[in-house]
Every structure is written in structure tokens, then in C-alpha cells.
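> My questions all concern the structure below.
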Amino acid sequence: MKDEGMDASNAAELKEKYEEIARSLDYNTTACDYNLRELEIDTAAAWMKDGDRVLDVGCGLGYAVTQYALRHKVEAHGLDYAENMVAGARQLLEKNFPQLKVSVTFVHASVCQTPFPDNHFDVVSSSRCLMALLDWELQKEALKEIHRILKPGGVMALMEGTMEGLERLNEMRSRFGLPAIDATGKDRLFTRKFVEAELLEYCGGMFALEKIQRFGMYYFLTRVAHPLLAAPESPKYDAKINDIARAIAKVIPDYEGLGHLAAFMFRKKT
């Protein structure tokens, strides 16, 4: 299992990319595979209830935060290190969800150093945020910070990439003559995916693992079946098969543990 490693120039380039794509004010620019994002939101929202105080770190333009607030009567906060993301999130909230202005707020800060007090949130979600830190030491800092701001018994919903899931997907793709998906994500947005054993060992002292939700069925249909059907054209995220894959994955979420994204549901130890 190879960790490609990143340097400071990668981190600076990644932040510049986030600042730039935020200007589009398009929710899908930070989640091109919007059907998979909906499955992630479904997963995290299932651990929330009315009255909770919720934080989404790496909130981007705020789509997930608004969905949480639409589904539950929660006090919802979004945090992002890109200033343009926060500005755009506020603008889109005002435009698209004015009824949520009282219950949803956004703050510009790093997940490694948030402005919130200890034991403050009932749920903290991260959808691909920590894997954008590009360094295991920074990822550990972020995990410690999330632990600090969570209430005892609170839930950390980590929806992040893992090397193991990607390797299983690439092995499956190779059986059908499809090329491997690059682990670094450098073709678009750099990432440092987690090694699952490393993540679980580090979190074990702070959190109890409640569940691991994988999305293998969605990945099989969209990253194996779809490319085969579309060939020689490239598969598209807005193809009908992706909508169907999402509907099937709601009933049968996993298949062979395929796909880099997995949802780790942790509860802060009391």
C-alpha cells in the first residue's frame, strides 16, 4: 500500500484550486459525482436528530450543511479554509435557502484550529476534507481538534478516501481491462487517502467505532459497468446509470468493499 506523499507546493496549489473553483458558485464543482455526495449526506444525516448542533468541516459552498438543516431542526455550521468558499456559501445560502439564515452559519478557519469551544457539537462531519490535508501529521491534528470540539458521546462522521478501497476498485477494474485510478487525485484535486489500519488505530484512543459504511455497489456500477458501457467515450457523472446506481446503492450499499470513499462513524468516548 503506497503513500505517494505530498509537499508544500502541492498543498499551496490545492488551496489555490479551491479558491478558484469557489468562484463558480456551482455546488457540483467540489463534488462532480453529485450522486455519490447525496449518498454521503444520507449517511451522515442519519446520525443527526432535531436539536443537535452540527458542524461540517471542509464545507465548500455549503451544500451538505444546508441539506442537514433541511432534514433536521439543527443548528448547523460550515467551516472551510478557503475564503472564497465561505463567501460563496453565504451567497448561495441567501439566494437558495433564505429560510435557513437563522439556523445555518459559515466560518473561515482551519479544521486543525477551529474557533469553537470544547465539547460543543453533537455531530461533526467531514466529507473529503481531511484527505485534502495531504500529510498524516496534519490529519492527526484535525482528528484531535474534532475530538476536542465534540461533546462526549458525540458523533464524528468521516467520509474520506482510503487506499484499501481504491486498491480493491482498481483490482476489479483491471479484470475488465480498465486502467487504474490514480491514488493522488493529481489530475484534478490532490488527496492523501487514509490507510485504514492507521486511521483506526489512531482514533481508537479517542473514539469508539460505531460503523463503517462502504459504497461498493455505487462504485461498481459507476466505475466499472459505466465505463464499459460508455466506451469508447468517457463516462459522464450526469449519465442516467449514475442515477440508477445511487437508487440501487440505497438498497444494497456495498459490493466487495470497492471504492476509495468510506464513511467511518465514530463516537467520542465518555
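Labels used: A, B, ... for chains in the order of the C-alpha cells, numbers from 1 for residues in each chain, and numbers from 1 for ligands as shown.
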Would you pick out the contacts of Arg223 in chain A at 8 Å or less, using only C-alpha atoms, so that residues sharing its chain but fewer than 4 positions from it are not included, and give the list as a list of chain:residue names?

A:Arg173, A:Tyr219, A:Pro227

> Hey, which bits of range 89-199 of chain A sit within 7 Å of range 61-85 of chain A, and for each residue what's the closest pair of atoms and how far apart in Å (one decimal), counting only C-alpha atoms, rows by chain and increasing number, as a tab-separated table?


```
residue	atom	partner	partner_atom	distance
A:Ala89	CA	A:Leu61	CA	4.2
A:Ser103	CA	A:Glu75	CA	5.1
A:Val104	CA	A:Ala76	CA	4.8
A:Thr105	CA	A:His77	CA	4.9
A:Phe106	CA	A:Gly78	CA	4.6
A:Val107	CA	A:Leu79	CA	5.0
A:His108	CA	A:Asp80	CA	5.3
A:Ala109	CA	A:Tyr81	CA	5.0
A:Ser110	CA	A:Tyr81	CA	5.0
```

> Report the residues of range 149-229 of chain A whose backbone DSSP state falls under strand (DSSP E), written as a list of chain:residue names.

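The residues of range 149-229 of chain A classed as strand (DSSP E) are A:Leu150, A:Lys151, A:Pro152, A:Gly153, A:Gly154, A:Val155, A:Met156, A:Ala157, A:Leu158, A:Met159, A:Glu160, A:Gly161, A:Phe207, A:Ala208, A:Leu209, A:Glu210, A:Lys211, A:Ile212, A:Gln213, A:Arg214.
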
> With N, CA and C atoms retained, export the selected residues as a CSV table (one decimal), in the first residue's frame.


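Done, and the output landed in again-v1.csv:
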```
chain,number,residue,atom,x,y,z
A,150,LEU,N,-16.1,18.1,19.9
A,150,LEU,CA,-17.3,17.2,20.1
A,150,LEU,C,-17.7,17.0,21.5
A,151,LYS,N,-18.9,16.9,21.8
A,151,LYS,CA,-19.4,16.6,23.1
A,151,LYS,C,-19.1,15.1,23.4
A,152,PRO,N,-18.9,14.7,24.7
A,152,PRO,CA,-18.8,13.3,25.0
A,152,PRO,C,-20.0,12.5,24.5
A,153,GLY,N,-19.8,11.5,23.8
A,153,GLY,CA,-20.9,10.7,23.1
A,153,GLY,C,-21.2,11.3,21.8
A,154,GLY,N,-20.6,12.4,21.3
A,154,GLY,CA,-20.9,13.0,20.0
A,154,GLY,C,-20.3,12.1,18.9
A,155,VAL,N,-20.9,12.4,17.7
A,155,VAL,CA,-20.5,11.5,16.5
A,155,VAL,C,-19.6,12.3,15.6
A,156,MET,N,-18.5,11.6,15.2
A,156,MET,CA,-17.7,12.1,14.1
A,156,MET,C,-17.9,11.2,12.9
A,157,ALA,N,-18.5,11.9,11.8
A,157,ALA,CA,-18.8,11.2,10.6
A,157,ALA,C,-17.7,11.5,9.6
A,158,LEU,N,-16.8,10.6,9.4
A,158,LEU,CA,-15.7,10.8,8.5
A,158,LEU,C,-16.0,10.1,7.2
A,159,MET,N,-16.2,10.8,6.1
A,159,MET,CA,-16.4,10.3,4.8
A,159,MET,C,-15.2,10.6,4.0
A,160,GLU,N,-14.2,9.7,4.0
A,160,GLU,CA,-12.9,10.0,3.5
A,160,GLU,C,-12.4,8.9,2.6
A,161,GLY,N,-11.4,9.2,1.8
A,161,GLY,CA,-10.8,8.2,0.9
A,161,GLY,C,-9.9,7.2,1.6
A,207,PHE,N,-12.0,7.6,20.2
A,207,PHE,CA,-13.4,7.3,19.7
A,207,PHE,C,-13.7,5.8,19.8
A,208,ALA,N,-15.0,5.5,19.9
A,208,ALA,CA,-15.4,4.1,19.6
A,208,ALA,C,-16.0,4.1,18.2
A,209,LEU,N,-15.5,3.1,17.4
A,209,LEU,CA,-16.0,2.9,16.1
A,209,LEU,C,-17.4,2.3,16.1
A,210,GLU,N,-18.4,3.0,15.6
A,210,GLU,CA,-19.8,2.5,15.6
A,210,GLU,C,-20.1,1.7,14.3
A,211,LYS,N,-19.6,2.2,13.2
A,211,LYS,CA,-19.9,1.6,11.9
A,211,LYS,C,-19.0,2.1,10.8
A,212,ILE,N,-18.7,1.2,9.8
A,212,ILE,CA,-18.1,1.6,8.6
A,212,ILE,C,-19.1,1.3,7.4
A,213,GLN,N,-19.4,2.4,6.8
A,213,GLN,CA,-20.4,2.3,5.6
A,213,GLN,C,-19.6,2.5,4.3
A,214,ARG,N,-19.6,1.4,3.5
A,214,ARG,CA,-18.9,1.5,2.2
A,214,ARG,C,-20.0,1.6,1.1
```

> So that I can check the surroundings of Ser127 in chain A, please list as number ranges by chain every protein, DNA and RNA residue that reaches within 10 Å of it, counting only C-alpha atoms and ignoring chain neighbours fewer than 3 positions away.

A: 31, 37, 40-41, 44, 56-60, 64, 130-131, 157-161, 261-263

> Can you write just those residues out, N, CA and C atoms, as an mmCIF file, in the first residue's frame?


```cif
data_model
loop_
_atom_site.group_PDB
_atom_site.id
_atom_site.type_symbol
_atom_site.label_atom_id
_atom_site.label_comp_id
_atom_site.auth_asym_id
_atom_site.auth_seq_id
_atom_site.Cartn_x
_atom_site.Cartn_y
_atom_site.Cartn_z
ATOM 1 N N ALA A 31 -17.868 18.620 -5.933
ATOM 2 C CA ALA A 31 -18.344 17.228 -5.881
ATOM 3 C C ALA A 31 -18.939 16.893 -7.244
ATOM 4 N N ARG A 37 -22.204 12.121 -3.576
ATOM 5 C CA ARG A 37 -22.335 13.091 -2.481
ATOM 6 C C ARG A 37 -23.680 12.943 -1.780
ATOM 7 N N GLU A 40 -23.431 10.197 0.615
ATOM 8 C CA GLU A 40 -22.665 10.625 1.784
ATOM 9 C C GLU A 40 -23.548 11.432 2.739
ATOM 10 N N ILE A 41 -24.318 12.353 2.186
ATOM 11 C CA ILE A 41 -25.191 13.188 3.012
ATOM 12 C C ILE A 41 -26.243 12.336 3.709
ATOM 13 N N ALA A 44 -24.502 10.613 6.740
ATOM 14 C CA ALA A 44 -24.240 11.472 7.891
ATOM 15 C C ALA A 44 -25.530 11.951 8.545
ATOM 16 N N ASP A 56 -19.960 20.889 9.737
ATOM 17 C CA ASP A 56 -19.386 20.219 8.573
ATOM 18 C C ASP A 56 -18.062 20.899 8.271
ATOM 19 N N VAL A 57 -16.954 20.171 8.436
ATOM 20 C CA VAL A 57 -15.631 20.752 8.167
ATOM 21 C C VAL A 57 -15.292 20.544 6.699
ATOM 22 N N GLY A 58 -14.602 21.538 6.125
ATOM 23 C CA GLY A 58 -14.358 21.490 4.687
ATOM 24 C C GLY A 58 -15.670 21.573 3.935
ATOM 25 N N CYS A 59 -16.494 22.528 4.335
ATOM 26 C CA CYS A 59 -17.887 22.578 3.858
ATOM 27 C C CYS A 59 -18.020 23.020 2.413
ATOM 28 N N GLY A 60 -16.940 23.557 1.820
ATOM 29 C CA GLY A 60 -17.044 24.042 0.446
ATOM 30 C C GLY A 60 -18.103 25.124 0.337
ATOM 31 N N ALA A 64 -23.878 20.442 1.742
ATOM 32 C CA ALA A 64 -24.207 19.431 2.746
ATOM 33 C C ALA A 64 -24.813 20.068 3.994
ATOM 34 N N LEU A 130 -10.466 15.921 5.266
ATOM 35 C CA LEU A 130 -9.186 15.542 5.874
ATOM 36 C C LEU A 130 -8.215 14.964 4.853
ATOM 37 N N MET A 131 -8.733 14.315 3.824
ATOM 38 C CA MET A 131 -7.838 13.755 2.811
ATOM 39 C C MET A 131 -7.202 14.852 1.961
ATOM 40 N N ALA A 157 -18.485 11.871 11.823
ATOM 41 C CA ALA A 157 -18.804 11.164 10.573
ATOM 42 C C ALA A 157 -17.721 11.489 9.557
ATOM 43 N N LEU A 158 -16.775 10.585 9.404
ATOM 44 C CA LEU A 158 -15.669 10.784 8.470
ATOM 45 C C LEU A 158 -15.986 10.090 7.161
ATOM 46 N N MET A 159 -16.197 10.848 6.120
ATOM 47 C CA MET A 159 -16.420 10.293 4.796
ATOM 48 C C MET A 159 -15.203 10.644 3.954
ATOM 49 N N GLU A 160 -14.240 9.749 3.996
ATOM 50 C CA GLU A 160 -12.918 10.029 3.458
ATOM 51 C C GLU A 160 -12.432 8.881 2.587
ATOM 52 N N GLY A 161 -11.403 9.158 1.810
ATOM 53 C CA GLY A 161 -10.839 8.156 0.925
ATOM 54 C C GLY A 161 -9.860 7.249 1.634
ATOM 55 N N LEU A 261 -13.934 5.903 -1.266
ATOM 56 C CA LEU A 261 -14.690 6.593 -0.220
ATOM 57 C C LEU A 261 -15.366 5.595 0.723
ATOM 58 N N ALA A 262 -15.204 5.839 2.015
ATOM 59 C CA ALA A 262 -15.894 5.059 3.037
ATOM 60 C C ALA A 262 -16.304 6.010 4.145
ATOM 61 N N ALA A 263 -17.415 5.716 4.784
ATOM 62 C CA ALA A 263 -17.899 6.528 5.907
ATOM 63 C C ALA A 263 -17.571 5.806 7.207
#
```

> Tell me, as a list in words, which residues lie within 9 Å of Ile149 in chain A, counting only C-alpha atoms; anything in the same chain fewer than 2 positions away does not count.

Thr114, Phe116, Pro117, Asp118, Asn119, His120, Phe121, Val124, Lys144, Glu145, Ile146, His147 and Lys151 of chain A

> Nearest residue to Leu178 in chain A out of A:His226, A:Lys15, A:Lys95, A:Lys240, using only C-alpha atoms?

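Closest to Leu178 in chain A of all the choices is A:His226.
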
> Pick out each residue of range 58-246 of chain A that DSSP on the backbone tags as alpha helix (DSSP H); I need them as a PyMOL selection string.

chain A and resi 63-71+83-96+136-149+163-175+196-203+216-220+226-230+240-246

> Between A:Glu13, A:Asp122, A:Glu171, A:Asp52, which residue has the minimum interatomic distance to Arg267 in chain A, considering only C-alpha atoms?

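Ranked by minimum distance to Arg267 in chain A, first place goes to A:Asp122.
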
> Compare A:Ala87, A:Leu200, A:Tyr237, A:Phe220 by their minimum atom-to-atom distance to Arg23 in chain A, counting only C-alpha atoms, and give me the closest one.

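Going through A:Ala87, A:Leu200, A:Tyr237, A:Phe220 one by one, the smallest distance to Arg23 in chain A is for A:Ala87.
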
> Rank A:Asp26, A:Lys268, A:Asp33, A:Ala249 by their smallest atom-to-atom distance to Pro235 in chain A, using only C-alpha atoms, and report the top residue only.

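Result for the nearest residue to Pro235 in chain A: A:Asp33.
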
> Rounded to one decimal place, report the CA of Ala46 in chain A-CA of Ile252 in chain A distance in Å.

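Spanning CA of Ala46 in chain A to CA of Ile252 in chain A is a straight-line distance of 16.4 Å.
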
> Using only C-alpha atoms, which residue out of A:Ala247, A:Ala11, A:Ala180, A:Val86 lies closest to Glu38 in chain A?

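Among the listed residues, the smallest separation from Glu38 in chain A belongs to A:Ala247.
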
> Considering only C-alpha atoms, state which residue in the set A:Asn170, A:Leu143, A:Ala225, A:Met217 is at the smallest distance from Gly204 in chain A.

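Closest residue, counting only C-alpha atoms: A:Leu143.
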
> Under the rule of at most 6 Å, produce a per-residue listing of range 149-223 of chain A near range 256-260 of chain A: chain, number, name, the closest pair of atoms, and the distance in Å, as JSON lines, using only C-alpha atoms.


```
{"residue": "A:Gly161", "atom": "CA", "partner": "A:His260", "partner_atom": "CA", "distance": 4.7}
{"residue": "A:Thr162", "atom": "CA", "partner": "A:His260", "partner_atom": "CA", "distance": 5.0}
{"residue": "A:Gly165", "atom": "CA", "partner": "A:His260", "partner_atom": "CA", "distance": 4.3}
{"residue": "A:Leu166", "atom": "CA", "partner": "A:His260", "partner_atom": "CA", "distance": 4.2}
{"residue": "A:Arg168", "atom": "CA", "partner": "A:Leu258", "partner_atom": "CA", "distance": 5.4}
{"residue": "A:Leu169", "atom": "CA", "partner": "A:Leu258", "partner_atom": "CA", "distance": 4.7}
{"residue": "A:Gly216", "atom": "CA", "partner": "A:Leu258", "partner_atom": "CA", "distance": 4.2}
{"residue": "A:Tyr219", "atom": "CA", "partner": "A:Gly259", "partner_atom": "CA", "distance": 5.5}
```

> What does the structure give for the distance between CA of Tyr218 in chain A and CA of Ala245 in chain A, in Å to one decimal?

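CA of Tyr218 in chain A sits 5.3 Å away from CA of Ala245 in chain A.
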